[in-house]
Amino acid sequence: MRKYLYLIILSLSLVSCYTYQVKKTVDIPTENKENLEKNKALGNVAPAQVENSKAKSKNQKLNVQQVTPAPLTIQEKLAPNKNVKIDVDGRAYKVIVDRWEGDSLVVHPVHSREKVLKFHKSQINAEKIAEKRFSQPIADIITVVAYAGIGFGIWSLLQ
C-alpha cells in the first residue's frame, strides 16, 4: 500500500500545469455575405432585409478586424526571453529565446543556460511554434486529484 502511495505522490509531483500550446488562427466567417448575394441574385430578399444585413455585415467586419490580430512573422513570435517549443528540420526543441542576429535565432535549451544553439529562420517551422502557457484544465484536474487524495487519506485514518 505504501509503495503505491509513494508512486502516486511521485507522479503528481512530476506533473506541471504549464503546457506548450500553438496559437490558433481565427477564420473569418463569410457565409452570411455569400448567402445574401445568392438571395439578391434570386430576388428572394426584401429591401429592408438588404439594408439590415448590410449593417450587420459592416459590424461583423469591424468585430473581426478588432479580434483578428495581424499575422505574426517568425521574429515576432520568437521574441527574446520567451519559453517556446520549436520544430527545426523535423526535430523538436524546448528553448528560451536569447536574441536574433540577422536571420539567425540564438537560443539556449530550457535546462542548460551554457549551451547555445543557432538556427536560421528558414530552418524553423513557423506553424509549429508553441509557447509555454498555463493550462487551467490541467490545474483543475490536479486540484481535484489532490482533494480526493486528502479525502481518501482522512477516510483511511478514521477506519
# chains A, B, ... in the order shown; residues from 1 in each chain; ligands from 1
$ residues_around --residues "range 114-126 of chain A" --least-positions-apart "5" --cutoff "6 Å" --atoms "only C-alpha atoms" --output "PyMOL selection string"
chain A and resi 87-89+103-108
$ write_last_selection --atoms "N, CA and C atoms" --output "short mmCIF file (atom, residue, chain, number, x, y, z; two decimals), in the first residue's frame"
data_model
loop_
_atom_site.label_atom_id
_atom_site.label_comp_id
_atom_site.auth_asym_id
_atom_site.auth_seq_id
_atom_site.Cartn_x
_atom_site.Cartn_y
_atom_site.Cartn_z
N ASP A 87 10.12 23.55 -33.88
CA ASP A 87 10.44 22.40 -34.71
C ASP A 87 11.45 22.85 -35.75
N VAL A 88 12.66 22.30 -35.67
CA VAL A 88 13.73 22.68 -36.58
C VAL A 88 14.17 21.43 -37.34
N ASP A 89 13.94 21.44 -38.64
CA ASP A 89 14.32 20.32 -39.51
C ASP A 89 13.80 18.98 -38.98
N ASP A 103 19.28 36.93 -39.66
CA ASP A 103 18.26 35.91 -39.91
C ASP A 103 18.46 34.68 -39.05
N SER A 104 19.36 34.72 -38.10
CA SER A 104 19.63 33.57 -37.23
C SER A 104 19.06 33.80 -35.84
N LEU A 105 18.47 32.75 -35.30
CA LEU A 105 17.90 32.78 -33.95
C LEU A 105 18.91 32.17 -33.00
N VAL A 106 19.24 32.90 -31.94
CA VAL A 106 20.16 32.40 -30.92
C VAL A 106 19.33 32.04 -29.70
N VAL A 107 19.42 30.77 -29.27
CA VAL A 107 18.63 30.26 -28.15
C VAL A 107 19.50 29.41 -27.25
N HIS A 108 18.95 29.06 -26.09
CA HIS A 108 19.57 28.06 -25.24
C HIS A 108 18.48 27.12 -24.75
#
$ residues_around --residues "Glu76 in chain A" --least-positions-apart "2" --cutoff "12 Å" --atoms "only C-alpha atoms" --output "PyMOL selection string"
chain A and resi 70-74+78-80+82+97+99-100+105+121+126+129
$ write_last_selection --atoms "N, CA and C atoms" --output "short mmCIF file (atom, residue, chain, number, x, y, z; two decimals), in the first residue's frame"
data_model
loop_
_atom_site.label_atom_id
_atom_site.label_comp_id
_atom_site.auth_asym_id
_atom_site.auth_seq_id
_atom_site.Cartn_x
_atom_site.Cartn_y
_atom_site.Cartn_z
N ALA A 70 -3.04 40.83 -36.61
CA ALA A 70 -2.29 40.74 -37.86
C ALA A 70 -1.40 39.51 -37.80
N PRO A 71 -1.17 38.85 -38.94
CA PRO A 71 -0.32 37.67 -38.93
C PRO A 71 1.09 38.02 -38.45
N LEU A 72 1.59 37.20 -37.54
CA LEU A 72 2.90 37.46 -36.95
C LEU A 72 3.99 36.78 -37.76
N THR A 73 5.12 37.42 -37.86
CA THR A 73 6.27 36.81 -38.50
C THR A 73 6.97 35.93 -37.48
N ILE A 74 7.92 35.15 -37.95
CA ILE A 74 8.65 34.26 -37.05
C ILE A 74 9.40 35.09 -36.02
N LEU A 78 8.90 34.75 -31.96
CA LEU A 78 10.04 34.33 -31.14
C LEU A 78 10.76 35.55 -30.57
N ALA A 79 10.09 36.26 -29.69
CA ALA A 79 10.67 37.43 -29.05
C ALA A 79 11.65 36.98 -27.95
N PRO A 80 12.60 37.82 -27.59
CA PRO A 80 13.56 37.45 -26.54
C PRO A 80 12.89 37.10 -25.21
N LYS A 82 11.31 34.44 -24.37
CA LYS A 82 10.13 33.59 -24.45
C LYS A 82 10.54 32.13 -24.33
N VAL A 97 14.39 31.85 -25.93
CA VAL A 97 14.95 32.71 -26.98
C VAL A 97 15.85 33.76 -26.35
N ARG A 99 18.14 36.01 -28.59
CA ARG A 99 18.13 37.18 -29.47
C ARG A 99 18.12 36.72 -30.93
N TRP A 100 17.91 37.69 -31.81
CA TRP A 100 18.02 37.47 -33.24
C TRP A 100 19.29 38.14 -33.72
N LEU A 105 18.47 32.75 -35.30
CA LEU A 105 17.90 32.78 -33.95
C LEU A 105 18.91 32.17 -33.00
N LYS A 121 16.40 31.23 -39.89
CA LYS A 121 14.96 31.46 -39.97
C LYS A 121 14.27 30.45 -40.88
N ALA A 126 7.36 27.53 -38.88
CA ALA A 126 6.58 28.61 -38.25
C ALA A 126 5.22 28.13 -37.75
N ILE A 129 5.36 26.55 -33.86
CA ILE A 129 5.93 27.29 -32.75
C ILE A 129 4.91 27.31 -31.62
#
$ residues_around --residues "range 140-157 of chain A" --least-positions-apart "5" --cutoff "10 Å" --atoms "only C-alpha atoms" --output "PyMOL selection string"
chain A and resi 5+8-9+12-13+15-17+135
$ write_last_selection --atoms "N, CA and C atoms" --output "PDB file, in the first residue's frame"
ATOM      1  N   LEU A   5       1.239   4.469  -2.683  1.00  0.00           N
ATOM      2  CA  LEU A   5       1.086   5.846  -2.230  1.00  0.00           C
ATOM      3  C   LEU A   5       2.297   6.679  -2.643  1.00  0.00           C
ATOM      4  N   ILE A   8       2.136   7.341  -6.383  1.00  0.00           N
ATOM      5  CA  ILE A   8       1.150   8.374  -6.719  1.00  0.00           C
ATOM      6  C   ILE A   8       1.696   9.762  -6.386  1.00  0.00           C
ATOM      7  N   ILE A   9       2.320   9.905  -5.221  1.00  0.00           N
ATOM      8  CA  ILE A   9       2.883  11.199  -4.833  1.00  0.00           C
ATOM      9  C   ILE A   9       3.988  11.608  -5.793  1.00  0.00           C
ATOM     10  N   LEU A  12       2.428  12.712  -9.145  1.00  0.00           N
ATOM     11  CA  LEU A  12       1.782  14.025  -9.052  1.00  0.00           C
ATOM     12  C   LEU A  12       2.804  15.151  -8.943  1.00  0.00           C
ATOM     13  N   SER A  13       3.944  14.875  -8.354  1.00  0.00           N
ATOM     14  CA  SER A  13       4.947  15.927  -8.242  1.00  0.00           C
ATOM     15  C   SER A  13       5.629  16.212  -9.581  1.00  0.00           C
ATOM     16  N   VAL A  15       3.985  16.309 -12.471  1.00  0.00           N
ATOM     17  CA  VAL A  15       3.004  16.908 -13.371  1.00  0.00           C
ATOM     18  C   VAL A  15       3.111  18.427 -13.284  1.00  0.00           C
ATOM     19  N   SER A  16       3.034  19.078 -14.434  1.00  0.00           N
ATOM     20  CA  SER A  16       3.116  20.535 -14.478  1.00  0.00           C
ATOM     21  C   SER A  16       1.828  21.111 -15.054  1.00  0.00           C
ATOM     22  N   CYS A  17       1.465  22.285 -14.579  1.00  0.00           N
ATOM     23  CA  CYS A  17       0.278  22.974 -15.091  1.00  0.00           C
ATOM     24  C   CYS A  17       0.596  23.755 -16.358  1.00  0.00           C
ATOM     25  N   SER A 135      -2.066  26.030 -18.157  1.00  0.00           N
ATOM     26  CA  SER A 135      -3.230  25.281 -18.613  1.00  0.00           C
ATOM     27  C   SER A 135      -4.211  25.119 -17.454  1.00  0.00           C
TER      28      SER A 135
END
$ atom_distance --atom1 "CA of Gln75 in chain A" --atom2 "CA of Arg113 in chain A"
21.2 Å
$ atom_distance --atom1 "CA of Gly90 in chain A" --atom2 "CA of Phe134 in chain A"
25.7 Å
$ atom_distance --atom1 "CA of Tyr6 in chain A" --atom2 "CA of Pro137 in chain A"
24.5 Å
